[in-house]
file entry.txt (compact mmCIF, C-alpha atoms and all ligand atoms)
# COMPACT_ATOMS: atom_id res chain seq x y z
CA MET B 22 0.60 -31.48 18.75
CA THR B 23 -2.46 -31.65 20.99
CA GLU B 24 -4.01 -35.05 21.67
CA LYS B 25 -7.55 -33.81 20.91
CA GLY B 26 -7.59 -35.36 17.45
CA ASP B 27 -8.40 -33.25 14.39
CA LYS B 28 -11.49 -31.44 15.68
CA TRP B 29 -9.88 -28.19 16.72
CA ILE B 30 -9.39 -24.96 14.81
CA LEU B 31 -7.34 -21.94 15.81
CA MET B 32 -7.86 -18.51 14.23
CA ALA B 33 -6.43 -14.99 14.17
CA THR B 34 -7.78 -11.83 12.53
CA ALA B 35 -6.05 -8.61 11.56
CA GLN B 36 -7.01 -5.39 9.80
CA THR B 37 -4.50 -3.39 7.77
CA PRO B 38 -5.00 -0.09 5.93
CA THR B 39 -3.55 0.72 2.57
CA ASN B 40 -0.86 3.34 2.08
CA ILE B 41 -0.23 6.05 -0.50
CA ALA B 42 3.31 6.82 -1.62
CA VAL B 43 4.38 10.46 -1.63
CA ILE B 44 7.82 9.44 -2.95
CA LYS B 45 7.10 6.58 -5.33
CA TYR B 46 8.50 3.10 -5.59
CA TRP B 47 8.78 2.31 -9.30
CA GLY B 48 11.27 -0.30 -10.46
CA LYS B 49 12.85 -3.45 -9.05
CA ARG B 50 16.48 -4.53 -9.00
CA ASP B 51 15.41 -8.09 -8.04
CA GLU B 52 12.03 -9.35 -9.29
CA ASN B 53 11.84 -12.46 -7.13
CA LEU B 54 12.79 -10.90 -3.78
CA ILE B 55 11.06 -7.61 -4.74
CA LEU B 56 13.99 -5.29 -4.10
CA PRO B 57 13.43 -1.71 -5.31
CA VAL B 58 15.73 0.64 -7.22
CA ASN B 59 15.05 3.49 -4.78
CA ASP B 60 13.77 4.32 -1.30
CA SER B 61 10.13 5.39 -1.04
CA ILE B 62 7.95 7.22 1.52
CA SER B 63 4.23 6.80 2.12
CA VAL B 64 1.39 7.81 4.38
CA THR B 65 -0.81 5.07 5.80
CA LEU B 66 -4.53 5.75 5.58
CA ASP B 67 -7.09 5.67 8.34
CA PRO B 68 -7.87 2.00 9.11
CA ASP B 69 -11.64 2.67 9.07
CA HIS B 70 -11.75 3.18 5.32
CA LEU B 71 -9.47 1.60 2.70
CA CYS B 72 -8.41 -1.54 4.47
CA THR B 73 -8.17 -5.30 4.27
CA THR B 74 -9.45 -7.61 6.96
CA THR B 75 -7.96 -11.10 7.00
CA THR B 76 -8.80 -14.12 9.12
CA VAL B 77 -6.38 -17.03 9.10
CA ALA B 78 -7.19 -20.45 10.50
CA VAL B 79 -5.25 -23.62 11.14
CA SER B 80 -6.67 -27.08 11.81
CA PRO B 81 -5.43 -30.66 11.43
CA SER B 82 -8.58 -31.30 9.40
CA PHE B 83 -7.43 -28.97 6.59
CA ASP B 84 -5.74 -30.98 3.84
CA GLN B 85 -4.28 -28.06 1.85
CA ASP B 86 -3.60 -24.30 2.07
CA ARG B 87 -6.55 -22.36 0.64
CA MET B 88 -7.45 -18.70 0.30
CA TRP B 89 -10.60 -16.68 -0.45
CA LEU B 90 -10.50 -13.03 -1.53
CA ASN B 91 -13.80 -11.16 -1.16
CA GLY B 92 -15.56 -14.52 -0.88
CA LYS B 93 -14.06 -16.03 -4.05
CA GLU B 94 -11.42 -18.74 -3.87
CA ILE B 95 -8.06 -17.73 -5.39
CA SER B 96 -4.97 -19.78 -6.11
CA LEU B 97 -2.07 -19.71 -3.68
CA SER B 98 0.29 -21.31 -6.17
CA GLY B 99 1.90 -18.01 -7.24
CA GLY B 100 5.49 -17.36 -6.21
CA ARG B 101 4.60 -14.31 -4.11
CA TYR B 102 2.16 -16.19 -1.86
CA GLN B 103 4.51 -19.15 -1.65
CA ASN B 104 7.45 -16.93 -0.68
CA CYS B 105 5.45 -15.25 2.10
CA LEU B 106 4.08 -18.54 3.43
CA ARG B 107 7.52 -20.18 3.39
CA GLU B 108 9.17 -17.24 5.18
CA ILE B 109 6.48 -17.14 7.86
CA ARG B 110 6.37 -20.91 8.44
CA SER B 111 10.14 -20.98 8.90
CA ARG B 112 9.82 -18.44 11.75
CA ALA B 113 6.72 -19.92 13.44
CA CYS B 114 6.97 -20.64 17.18
CA ASP B 115 5.21 -22.83 19.75
CA VAL B 116 1.58 -21.87 20.32
CA GLU B 117 -0.57 -22.90 23.24
CA ASP B 118 -4.25 -22.21 23.87
CA LYS B 119 -4.83 -23.66 27.35
CA GLU B 120 -8.56 -22.91 27.35
CA LYS B 121 -9.10 -24.96 24.20
CA GLY B 122 -6.42 -27.52 25.18
CA ILE B 123 -4.48 -26.88 21.96
CA LYS B 124 -0.72 -27.05 21.76
CA ILE B 125 1.17 -26.61 18.48
CA GLU B 126 4.92 -27.05 18.48
CA LYS B 127 7.27 -25.20 16.17
CA LYS B 128 7.93 -28.30 14.06
CA ASP B 129 4.16 -28.96 13.57
CA TRP B 130 3.67 -25.83 11.44
CA GLU B 131 5.44 -27.43 8.48
CA LYS B 132 2.70 -30.05 8.10
CA LEU B 133 -0.36 -28.07 9.21
CA HIS B 134 -2.46 -26.37 6.52
CA LEU B 135 -4.01 -22.91 6.53
CA HIS B 136 -7.29 -21.40 5.42
CA ILE B 137 -7.19 -17.66 4.71
CA ALA B 138 -10.20 -15.37 4.15
CA SER B 139 -9.52 -11.79 3.11
CA TYR B 140 -11.86 -8.85 2.41
CA ASN B 141 -11.09 -5.46 0.87
CA ASN B 142 -13.57 -2.68 1.60
CA PHE B 143 -12.56 -0.93 -1.66
CA PRO B 144 -12.22 -1.86 -5.34
CA THR B 145 -9.46 -4.41 -5.95
CA ALA B 146 -6.76 -3.45 -8.50
CA ALA B 147 -8.18 -0.01 -9.31
CA GLY B 148 -4.99 1.83 -8.51
CA LEU B 149 -5.95 2.02 -4.84
CA ALA B 150 -3.06 -0.15 -3.69
CA SER B 151 -5.15 -3.17 -2.72
CA SER B 152 -2.15 -5.49 -2.83
CA ALA B 153 -0.39 -3.30 -0.26
CA ALA B 154 -3.08 -3.74 2.36
CA GLY B 155 -3.64 -7.38 1.31
CA PHE B 156 -0.14 -8.75 1.75
CA ALA B 157 0.55 -6.64 4.85
CA CYS B 158 -2.59 -8.06 6.44
CA LEU B 159 -1.80 -11.62 5.38
CA VAL B 160 1.66 -11.46 6.94
CA PHE B 161 0.45 -9.71 10.07
CA SER B 162 -2.43 -12.14 10.73
CA LEU B 163 -0.23 -15.20 10.11
CA ALA B 164 2.47 -13.77 12.40
CA LYS B 165 -0.19 -13.45 15.08
CA LEU B 166 -1.49 -16.98 14.57
CA MET B 167 1.96 -18.55 14.52
CA ASN B 168 3.36 -16.44 17.37
CA LEU B 169 6.27 -14.96 15.43
CA LYS B 170 8.78 -13.03 17.55
CA GLU B 171 9.88 -10.68 14.74
CA ASN B 172 9.25 -6.93 15.08
CA GLN B 173 7.18 -4.91 12.57
CA SER B 174 10.19 -3.97 10.42
CA GLN B 175 11.28 -7.61 10.16
CA LEU B 176 7.71 -8.58 9.25
CA SER B 177 7.71 -5.80 6.64
CA ALA B 178 10.58 -7.56 4.85
CA ILE B 179 8.30 -10.62 4.49
CA ALA B 180 5.30 -8.57 3.33
CA ARG B 181 7.62 -6.94 0.77
CA GLN B 182 7.98 -10.33 -0.92
CA GLY B 183 4.20 -10.37 -1.51
CA SER B 184 4.05 -6.87 -2.97
CA GLY B 185 6.66 -4.14 -2.61
CA SER B 186 4.33 -1.42 -1.36
CA ALA B 187 2.88 -3.84 1.25
CA CYS B 188 5.93 -3.48 3.46
CA ARG B 189 4.94 0.12 4.21
CA SER B 190 1.44 -0.85 5.45
CA LEU B 191 2.80 -2.56 8.58
CA PHE B 192 3.05 0.88 10.22
CA GLY B 193 0.73 3.86 10.65
CA GLY B 194 1.73 7.49 10.04
CA PHE B 195 4.53 8.27 7.58
CA VAL B 196 6.69 5.30 6.62
CA LYS B 197 9.93 4.89 4.70
CA TRP B 198 10.83 1.75 2.76
CA ILE B 199 14.62 1.61 2.83
CA MET B 200 15.76 -0.01 -0.42
CA GLY B 201 18.71 -1.77 1.30
CA LYS B 202 22.01 -2.92 -0.14
CA GLU B 203 22.13 -6.66 0.53
CA ASP B 204 21.49 -9.08 -2.33
CA ASN B 205 19.38 -11.31 -0.07
CA GLY B 206 17.05 -8.38 0.79
CA SER B 207 17.57 -8.65 4.56
CA ASP B 208 17.98 -4.86 4.88
CA SER B 209 15.17 -3.89 2.48
CA LEU B 210 12.45 -3.06 4.98
CA ALA B 211 10.08 -0.41 6.27
CA VAL B 212 10.57 1.93 9.22
CA GLN B 213 8.12 4.39 10.74
CA LEU B 214 9.20 8.03 10.33
CA VAL B 215 6.46 9.56 12.49
CA ASP B 216 3.25 8.09 13.92
CA GLU B 217 -0.31 9.00 12.90
CA GLU B 218 -0.60 11.73 15.58
CA HIS B 219 2.40 13.73 14.35
CA TRP B 220 0.61 15.50 11.48
CA ASN B 221 -3.01 14.73 12.14
CA GLU B 222 -4.46 17.91 10.64
CA LEU B 223 -3.82 16.58 7.12
CA VAL B 224 -6.95 15.27 5.39
CA ILE B 225 -6.68 12.80 2.54
CA ILE B 226 -9.36 12.79 -0.12
CA ILE B 227 -9.44 10.06 -2.73
CA ALA B 228 -11.28 11.06 -5.85
CA VAL B 229 -12.24 7.79 -7.49
CA VAL B 230 -12.08 8.74 -11.15
CA SER B 231 -12.65 5.16 -12.20
CA SER B 232 -12.95 1.96 -10.19
CA ARG B 233 -12.36 -0.19 -13.25
CA GLN B 234 -9.45 -2.63 -13.19
CA LYS B 235 -6.28 -1.01 -14.56
CA GLU B 236 -4.90 -2.14 -17.92
CA THR B 237 -1.22 -2.40 -16.99
CA SER B 238 -0.48 -3.76 -13.53
CA SER B 239 2.16 -2.02 -11.43
CA THR B 240 4.31 -5.14 -11.63
CA SER B 241 4.45 -5.31 -15.42
CA GLY B 242 4.48 -1.52 -15.82
CA MET B 243 7.57 -1.11 -13.65
CA ARG B 244 9.28 -4.01 -15.40
CA GLU B 245 8.82 -2.23 -18.74
CA SER B 246 10.11 1.02 -17.24
CA VAL B 247 13.23 -0.65 -15.80
CA GLN B 248 13.96 -2.22 -19.18
CA THR B 249 13.34 0.82 -21.35
CA SER B 250 13.30 4.15 -19.50
CA LEU B 251 16.50 6.18 -19.19
CA LEU B 252 14.58 8.66 -17.06
CA LEU B 253 13.99 5.90 -14.50
CA GLN B 254 17.75 5.36 -14.13
CA HIS B 255 18.33 9.08 -13.61
CA ARG B 256 15.42 9.33 -11.18
CA ALA B 257 16.57 6.40 -9.04
CA LYS B 258 20.22 7.47 -8.84
CA GLU B 259 20.11 11.26 -8.86
CA ILE B 260 16.67 12.54 -7.94
CA VAL B 261 15.05 10.28 -5.35
CA PRO B 262 17.97 10.08 -2.87
CA LYS B 263 17.90 13.88 -2.49
CA ARG B 264 14.11 14.06 -2.51
CA VAL B 265 13.81 11.48 0.27
CA VAL B 266 16.01 13.60 2.55
CA GLN B 267 13.96 16.72 1.76
CA MET B 268 10.68 14.87 2.26
CA GLU B 269 11.75 13.50 5.66
CA LYS B 270 12.62 17.02 6.75
CA ALA B 271 9.29 18.43 5.48
CA ILE B 272 7.38 15.72 7.39
CA GLN B 273 9.37 16.23 10.61
CA ASN B 274 8.74 20.01 10.44
CA ARG B 275 5.14 19.67 9.24
CA ASP B 276 6.18 22.01 6.43
CA PHE B 277 3.18 21.77 4.10
CA PRO B 278 4.50 23.94 1.20
CA SER B 279 7.65 21.76 0.87
CA PHE B 280 5.66 18.57 1.41
CA ALA B 281 3.16 19.49 -1.32
CA GLN B 282 5.83 20.60 -3.77
CA LEU B 283 7.77 17.32 -3.34
CA THR B 284 4.67 15.12 -3.44
CA CYS B 285 3.31 16.66 -6.65
CA ALA B 286 6.74 16.71 -8.33
CA ASP B 287 7.35 13.07 -7.50
CA SER B 288 3.95 11.94 -8.77
CA ASN B 289 4.50 13.88 -12.00
CA GLN B 290 7.96 12.39 -12.44
CA PHE B 291 6.67 8.87 -11.88
CA HIS B 292 4.08 9.38 -14.64
CA ALA B 293 6.79 10.93 -16.84
CA VAL B 294 8.79 7.71 -16.38
CA CYS B 295 5.71 5.78 -17.48
CA LEU B 296 5.52 7.93 -20.63
CA ASP B 297 9.26 7.46 -21.14
CA SER B 298 8.80 3.67 -21.18
CA SER B 299 8.45 1.76 -24.41
CA PRO B 300 5.64 1.23 -25.21
CA PRO B 301 4.48 4.22 -23.14
CA ILE B 302 2.18 3.52 -20.20
CA PHE B 303 -0.79 5.82 -19.54
CA TYR B 304 -2.25 5.57 -16.06
CA MET B 305 -3.90 8.99 -15.82
CA ASN B 306 -6.84 10.07 -17.98
CA ASP B 307 -8.35 13.43 -18.96
CA THR B 308 -10.14 13.78 -15.64
CA SER B 309 -6.88 13.15 -13.77
CA HIS B 310 -5.17 15.85 -15.83
CA ARG B 311 -8.00 18.29 -15.20
CA ILE B 312 -7.73 17.67 -11.46
CA ILE B 313 -3.97 18.42 -11.58
CA SER B 314 -4.54 21.69 -13.49
CA TYR B 315 -7.29 22.64 -11.11
CA VAL B 316 -5.19 22.06 -7.96
CA GLU B 317 -2.15 23.81 -9.47
CA LYS B 318 -4.28 26.87 -10.30
CA TRP B 319 -5.86 26.95 -6.87
CA ASN B 320 -2.50 26.64 -5.09
CA ARG B 321 -1.07 29.47 -7.18
CA SER B 322 -4.04 31.74 -6.50
CA GLU B 323 -3.67 31.17 -2.72
CA GLY B 324 0.01 32.17 -2.80
CA SER B 325 1.09 28.94 -1.09
CA PRO B 326 0.05 25.29 -1.56
CA GLN B 327 -3.17 24.23 0.15
CA VAL B 328 -3.51 20.82 -1.49
CA ALA B 329 -1.05 18.19 -2.73
CA TYR B 330 -1.98 15.64 -5.38
CA THR B 331 -0.52 12.26 -6.16
CA PHE B 332 -1.56 9.48 -8.56
CA ASP B 333 -0.53 5.81 -8.42
CA ALA B 334 -0.84 3.28 -11.22
CA GLY B 335 -4.35 4.38 -12.16
CA PRO B 336 -6.41 7.53 -12.85
CA ASN B 337 -7.65 8.09 -9.27
CA ALA B 338 -6.49 11.27 -7.55
CA VAL B 339 -5.20 11.23 -4.00
CA LEU B 340 -5.53 14.77 -2.69
CA ILE B 341 -3.93 15.80 0.58
CA ALA B 342 -5.41 18.95 2.11
CA ARG B 343 -3.40 20.89 4.67
CA ASN B 344 -6.32 20.95 7.15
CA ARG B 345 -10.06 20.26 7.53
CA LYS B 346 -11.10 23.74 6.39
CA VAL B 347 -9.20 23.36 3.11
CA ALA B 348 -10.57 19.80 2.76
CA ALA B 349 -14.16 21.07 3.03
CA GLN B 350 -13.49 23.74 0.38
CA LEU B 351 -11.78 21.21 -1.85
CA LEU B 352 -14.63 18.77 -1.61
CA GLN B 353 -17.13 21.47 -2.51
CA LYS B 354 -15.05 22.49 -5.52
CA LEU B 355 -14.60 18.89 -6.65
CA LEU B 356 -18.32 18.26 -6.49
CA PHE B 357 -18.99 21.45 -8.43
CA PHE B 358 -16.38 20.96 -11.17
CA PHE B 359 -16.53 17.16 -11.32
CA PRO B 360 -20.13 16.29 -10.46
CA PRO B 361 -20.67 12.63 -9.50
CA ASN B 362 -22.40 10.39 -12.01
CA SER B 363 -21.40 12.66 -14.87
CA ASP B 364 -19.23 11.22 -17.62
CA THR B 365 -16.21 11.70 -15.33
CA ASP B 366 -17.52 8.93 -13.06
CA LEU B 367 -16.04 10.73 -10.06
CA ASN B 368 -16.82 9.68 -6.53
CA SER B 369 -15.10 11.39 -3.65
CA TYR B 370 -14.09 9.90 -0.37
CA VAL B 371 -12.73 11.89 2.52
CA LEU B 372 -10.36 10.02 4.76
CA GLY B 373 -8.06 10.68 7.61
CA ASP B 374 -10.58 12.24 9.97
CA ASN B 375 -12.66 9.17 10.76
CA SER B 376 -15.55 10.04 8.50
CA ILE B 377 -16.53 9.53 4.91
CA LEU B 378 -18.06 12.90 4.10
CA GLN B 379 -19.06 12.05 0.57
CA ASP B 380 -19.59 8.80 -1.18
CA ALA B 381 -21.54 9.78 -4.21
CA GLY B 382 -21.18 6.38 -5.87
C1 LIG S 1 2.74 3.29 -8.17
O1 LIG S 1 3.72 -2.58 -4.77
O2 LIG S 1 1.83 -2.78 -6.42
O3 LIG S 1 1.78 2.42 -6.17
O4 LIG S 1 5.86 -4.82 -5.88
O5 LIG S 1 5.12 -5.47 -8.18
O6 LIG S 1 3.54 -5.73 -6.22
P1 LIG S 1 4.71 -4.93 -6.83
O7 LIG S 1 4.15 -3.47 -7.11
P2 LIG S 1 3.27 -2.52 -6.19
O8 LIG S 1 3.65 -1.11 -6.81
C2 LIG S 1 3.23 0.10 -6.28
C3 LIG S 1 3.60 1.19 -7.20
C4 LIG S 1 2.99 2.54 -6.86
C5 LIG S 1 3.98 3.40 -6.07
C6 LIG S 1 4.13 3.08 -4.61
O9 LIG S 1 3.21 2.58 -3.96
O10 LIG S 1 5.24 3.38 -4.09
call {"tool": "encode", "arguments": {"input": "entry.txt", "output": "structure tokens"}}
result
Amino acid sequence: MTEKGDKWILMATAQTPTNIAVIKYWGKRDENLILPVNDSISVTLDPDHLCTTTTVAVSPSFDQDRMWLNGKEISLSGGRYQNCLREIRSRACDVEDKEKGIKIEKKDWEKLHLHIASYNNFPTAAGLASSAAGFACLVFSLAKLMNLKENQSQLSAIARQGSGSACRSLFGGFVKWIMGKEDNGSDSLAVQLVDEEHWNELVIIIAVVSSRQKETSSTSGMRESVQTSLLLQHRAKEIVPKRVVQMEKAIQNRDFPSFAQLTCADSNQFHAVCLDSSPPIFYMNDTSHRIISYVEKWNRSEGSPQVAYTFDAGPNAVLIARNRKVAAQLLQKLLFFFPPNSDTDLNSYVLGDNSILQDAG
């Protein structure tokens, strides 16, 4: 290590957007390594909006690893944080900052401590996949600080051990998380299907039905589904493998009708699995259901789908419009039928085109 005593500090910052699954991950075959029961596909959001920014720092004056989330200190003692930190430390390389006269050798990382400060620019744990952006950003910023040589897919396998969906946030565009076959999880990682330019006319609108913390976390919800839902077994073995192939084709061909049909069907099946669990899990509420009916009716009246909907482990609607014109119409309709600050508590955000058109919160 450098001879400059313990006065120095070295930092790295990264920003990572969240992602929304269009073919859902729901169910683990290994809880500790976070290995899924099926492949999943997602779209990564525009980094200007729903994202996490993380700064990591190392200094010989730090006497323990510490982390702050949105300014509040949180514990790093959980297995998920410990797994990520251990995996990253074991791959850390020599780092030299000649300007500052700092040299850290590979072996030094085992005894140096880290301080981590992370900010989400959206509500934490409201079904907006905050853990996805959070763990992806943690792994990416630490990889930068510690000069890891691994590529994005290899880093995704580390982020996966923080939160499954996080592995998909290491890439932009459309991303597939390959479930893998190995028991040690070495082949359970994310790959980019197409980059963010490939289908850039899509506009993603997130209708925040409620920003309250969800009652059943994804982690415990999917555990209950794995233990009790027969539909989950059928979905993982019979339905998703075929759907993933069809979805990849729809994305490659920018075939919106097929994309919308698969996205909506997969969201509905995921929530059917939740209902099929014992006790049943309810993530959507009346407003969510009304949004689904509304979009279905609109798509039917147009003769072909204009908007796809998908819901994660919460009541918020993610609406994907086929282009900006449809997005503008959709936003107008949403504001008319679901006025902000009414009892529906609906705020609408438009993403994917570098502007928030409406934040009625
Ligand atoms: C419904 O990745 O949050 O958003 O791996 O236990 O941290 P853990 O779960 P998490 O689950 C996400 C579930 C989902 C679907 C998806 O993103 O694929």
call {"tool": "residues_around", "arguments": {"input": "entry.txt", "residues": "region 211-219 of chain B", "least_positions_apart": "3", "cutoff": "12 Å", "atoms": "all atoms listed in the file", "output": "ChimeraX atom specification"}}
result
/B:60-68,157,172-181,185-201,206-208,222-224,265-266,268-275,373-374
call {"tool": "closest_residue", "arguments": {"input": "entry.txt", "among": "B:Asn337, B:Ser239, B:Asn142, B:Asn53", "to": "ligand LIG 1 (chain S)", "atoms": "only C-alpha atoms and all ligand atoms"}}
result
B:Ser239
call {"tool": "residues_around", "arguments": {"input": "entry.txt", "residues": "His255 (chain B)", "least_positions_apart": "4", "cutoff": "12 Å", "atoms": "all atoms listed in the file", "output": "JSON, numbers by chain"}}
result
{"B": [58, 59, 247, 250, 251, 259, 260, 261, 262, 290, 291, 294, 297]}
call {"tool": "closest_atom_pairs", "arguments": {"input": "entry.txt", "of": "chain B", "to": "ligand LIG 1 (chain S)", "cutoff": "7 Å", "atoms": "only C-alpha atoms and all ligand atoms", "output": "CSV"}}
result
residue,atom,partner,partner_atom,distance
B:Ile41,CA,S:LIG1,O9,6.0
B:Ala42,CA,S:LIG1,O10,4.7
B:Ile44,CA,S:LIG1,O10,6.7
B:Lys45,CA,S:LIG1,O10,3.9
B:Tyr46,CA,S:LIG1,O10,3.6
B:Trp47,CA,S:LIG1,C3,5.7
B:Ile55,CA,S:LIG1,O4,6.0
B:Ser61,CA,S:LIG1,O10,6.1
B:Ala150,CA,S:LIG1,O3,6.0
B:Ser152,CA,S:LIG1,O2,6.0
B:Ala153,CA,S:LIG1,O1,6.1
B:Gly183,CA,S:LIG1,O6,6.6
B:Ser184,CA,S:LIG1,O6,3.5
B:Gly185,CA,S:LIG1,O4,3.4
B:Ser186,CA,S:LIG1,O1,3.7
B:Ala187,CA,S:LIG1,O1,6.2
B:Ser239,CA,S:LIG1,O8,4.9
B:Thr240,CA,S:LIG1,O5,3.6
B:Asp333,CA,S:LIG1,C1,4.1
B:Ala334,CA,S:LIG1,C1,4.7
call {"tool": "atom_distance", "arguments": {"input": "entry.txt", "atom1": "CA of Thr237 (chain B)", "atom2": "CA of Thr249 (chain B)"}}
result
15.5 Å
call {"tool": "atom_distance", "arguments": {"input": "entry.txt", "atom1": "CA of Arg345 (chain B)", "atom2": "CA of Pro326 (chain B)"}}
result
14.5 Å
call {"tool": "atom_distance", "arguments": {"input": "entry.txt", "atom1": "CA of His134 (chain B)", "atom2": "CA of Phe156 (chain B)"}}
result
18.4 Å
call {"tool": "residues_around", "arguments": {"input": "entry.txt", "residues": "Cys285 (chain B)", "least_positions_apart": "5", "cutoff": "12 Å", "atoms": "only C-alpha atoms", "output": "PDB file with C-alpha atoms, in the frame of the given file"}}
result
ATOM      1  CA  ALA B  42       3.310   6.820  -1.620  1.00  0.00           C
ATOM      2  CA  VAL B  43       4.380  10.460  -1.630  1.00  0.00           C
ATOM      3  CA  ILE B  44       7.820   9.440  -2.950  1.00  0.00           C
ATOM      4  CA  LYS B  45       7.100   6.580  -5.330  1.00  0.00           C
ATOM      5  CA  ARG B 264      14.110  14.060  -2.510  1.00  0.00           C
ATOM      6  CA  MET B 268      10.680  14.870   2.260  1.00  0.00           C
ATOM      7  CA  PHE B 277       3.180  21.770   4.100  1.00  0.00           C
ATOM      8  CA  PRO B 278       4.500  23.940   1.200  1.00  0.00           C
ATOM      9  CA  SER B 279       7.650  21.760   0.870  1.00  0.00           C
ATOM     10  CA  PHE B 280       5.660  18.570   1.410  1.00  0.00           C
ATOM     11  CA  GLN B 290       7.960  12.390 -12.440  1.00  0.00           C
ATOM     12  CA  PHE B 291       6.670   8.870 -11.880  1.00  0.00           C
ATOM     13  CA  HIS B 292       4.080   9.380 -14.640  1.00  0.00           C
ATOM     14  CA  ILE B 313      -3.970  18.420 -11.580  1.00  0.00           C
ATOM     15  CA  SER B 314      -4.540  21.690 -13.490  1.00  0.00           C
ATOM     16  CA  VAL B 316      -5.190  22.060  -7.960  1.00  0.00           C
ATOM     17  CA  GLU B 317      -2.150  23.810  -9.470  1.00  0.00           C
ATOM     18  CA  ASN B 320      -2.500  26.640  -5.090  1.00  0.00           C
ATOM     19  CA  PRO B 326       0.050  25.290  -1.560  1.00  0.00           C
ATOM     20  CA  VAL B 328      -3.510  20.820  -1.490  1.00  0.00           C
ATOM     21  CA  ALA B 329      -1.050  18.190  -2.730  1.00  0.00           C
ATOM     22  CA  TYR B 330      -1.980  15.640  -5.380  1.00  0.00           C
ATOM     23  CA  THR B 331      -0.520  12.260  -6.160  1.00  0.00           C
ATOM     24  CA  PHE B 332      -1.560   9.480  -8.560  1.00  0.00           C
ATOM     25  CA  ASP B 333      -0.530   5.810  -8.420  1.00  0.00           C
ATOM     26  CA  ALA B 338      -6.490  11.270  -7.550  1.00  0.00           C
ATOM     27  CA  VAL B 339      -5.200  11.230  -4.000  1.00  0.00           C
ATOM     28  CA  LEU B 340      -5.530  14.770  -2.690  1.00  0.00           C
ATOM     29  CA  ILE B 341      -3.930  15.800   0.580  1.00  0.00           C
TER      30      ILE B 341
END
call {"tool": "closest_residue", "arguments": {"input": "entry.txt", "among": "B:Leu163, B:Ala293, B:Gln36, B:Ala154", "to": "Ile109 (chain B)", "atoms": "all atoms listed in the file"}}
result
B:Leu163
call {"tool": "closest_residue", "arguments": {"input": "entry.txt", "among": "B:Leu159, B:Leu252, B:Val229, B:Leu352", "to": "Cys105 (chain B)", "atoms": "all atoms listed in the file"}}
result
B:Leu159
call {"tool": "closest_residue", "arguments": {"input": "entry.txt", "among": "B:Ala113, B:Thr76, B:Glu236, B:Arg343", "to": "Asp276 (chain B)", "atoms": "all atoms listed in the file"}}
result
B:Arg343
call {"tool": "closest_residue", "arguments": {"input": "entry.txt", "among": "B:Met243, B:Ala349, B:Ile312, B:Met32", "to": "Lys165 (chain B)", "atoms": "only C-alpha atoms"}}
result
B:Met32
call {"tool": "closest_residue", "arguments": {"input": "entry.txt", "among": "B:Arg107, B:Tyr140, B:Ile95, B:Ala342", "to": "Thr34 (chain B)", "atoms": "all atoms listed in the file"}}
result
B:Tyr140
call {"tool": "residues_around", "arguments": {"input": "entry.txt", "residues": "Val116 (chain B)", "least_positions_apart": "5", "cutoff": "7 Å", "atoms": "only C-alpha atoms", "output": "PDB file with C-alpha atoms, in the frame of the given file"}}
result
ATOM      1  CA  LYS B 124      -0.720 -27.050  21.760  1.00  0.00           C
ATOM      2  CA  ILE B 125       1.170 -26.610  18.480  1.00  0.00           C
ATOM      3  CA  GLU B 126       4.920 -27.050  18.480  1.00  0.00           C
ATOM      4  CA  MET B 167       1.960 -18.550  14.520  1.00  0.00           C
ATOM      5  CA  ASN B 168       3.360 -16.440  17.370  1.00  0.00           C
TER       6      ASN B 168
END
call {"tool": "residues_around", "arguments": {"input": "entry.txt", "residues": "Lys170 (chain B)", "least_positions_apart": "3", "cutoff": "9 Å", "atoms": "all atoms listed in the file", "output": "list in words"}}
result
Arg112, Ala113, Cys114 and Ala164 of chain B
call {"tool": "build_atoms", "arguments": {"input": "entry.txt", "residues": "region 116-124 of chain B", "atoms": "N, CA and C atoms", "output": "short mmCIF file (atom, residue, chain, number, x, y, z; two decimals), in the coordinates of the input"}}
result
data_model
loop_
_atom_site.label_atom_id
_atom_site.label_comp_id
_atom_site.auth_asym_id
_atom_site.auth_seq_id
_atom_site.Cartn_x
_atom_site.Cartn_y
_atom_site.Cartn_z
N VAL B 116 2.81 -22.59 19.99
CA VAL B 116 1.58 -21.87 20.32
C VAL B 116 0.76 -22.74 21.25
N GLU B 117 0.25 -22.12 22.32
CA GLU B 117 -0.57 -22.90 23.24
C GLU B 117 -1.83 -22.14 23.57
N ASP B 118 -2.99 -22.79 23.43
CA ASP B 118 -4.25 -22.21 23.87
C ASP B 118 -4.78 -23.14 24.96
N LYS B 119 -4.51 -22.76 26.22
CA LYS B 119 -4.83 -23.66 27.35
C LYS B 119 -6.33 -23.88 27.46
N GLU B 120 -7.11 -22.81 27.24
CA GLU B 120 -8.56 -22.91 27.35
C GLU B 120 -9.12 -23.98 26.43
N LYS B 121 -8.62 -23.99 25.19
CA LYS B 121 -9.10 -24.96 24.20
C LYS B 121 -8.31 -26.26 24.26
N GLY B 122 -7.26 -26.30 25.07
CA GLY B 122 -6.42 -27.52 25.18
C GLY B 122 -5.64 -27.79 23.90
N ILE B 123 -5.22 -26.71 23.22
CA ILE B 123 -4.48 -26.88 21.96
C ILE B 123 -3.02 -26.52 22.17
N LYS B 124 -2.15 -27.39 21.70
CA LYS B 124 -0.72 -27.05 21.76
C LYS B 124 -0.10 -27.39 20.40
#
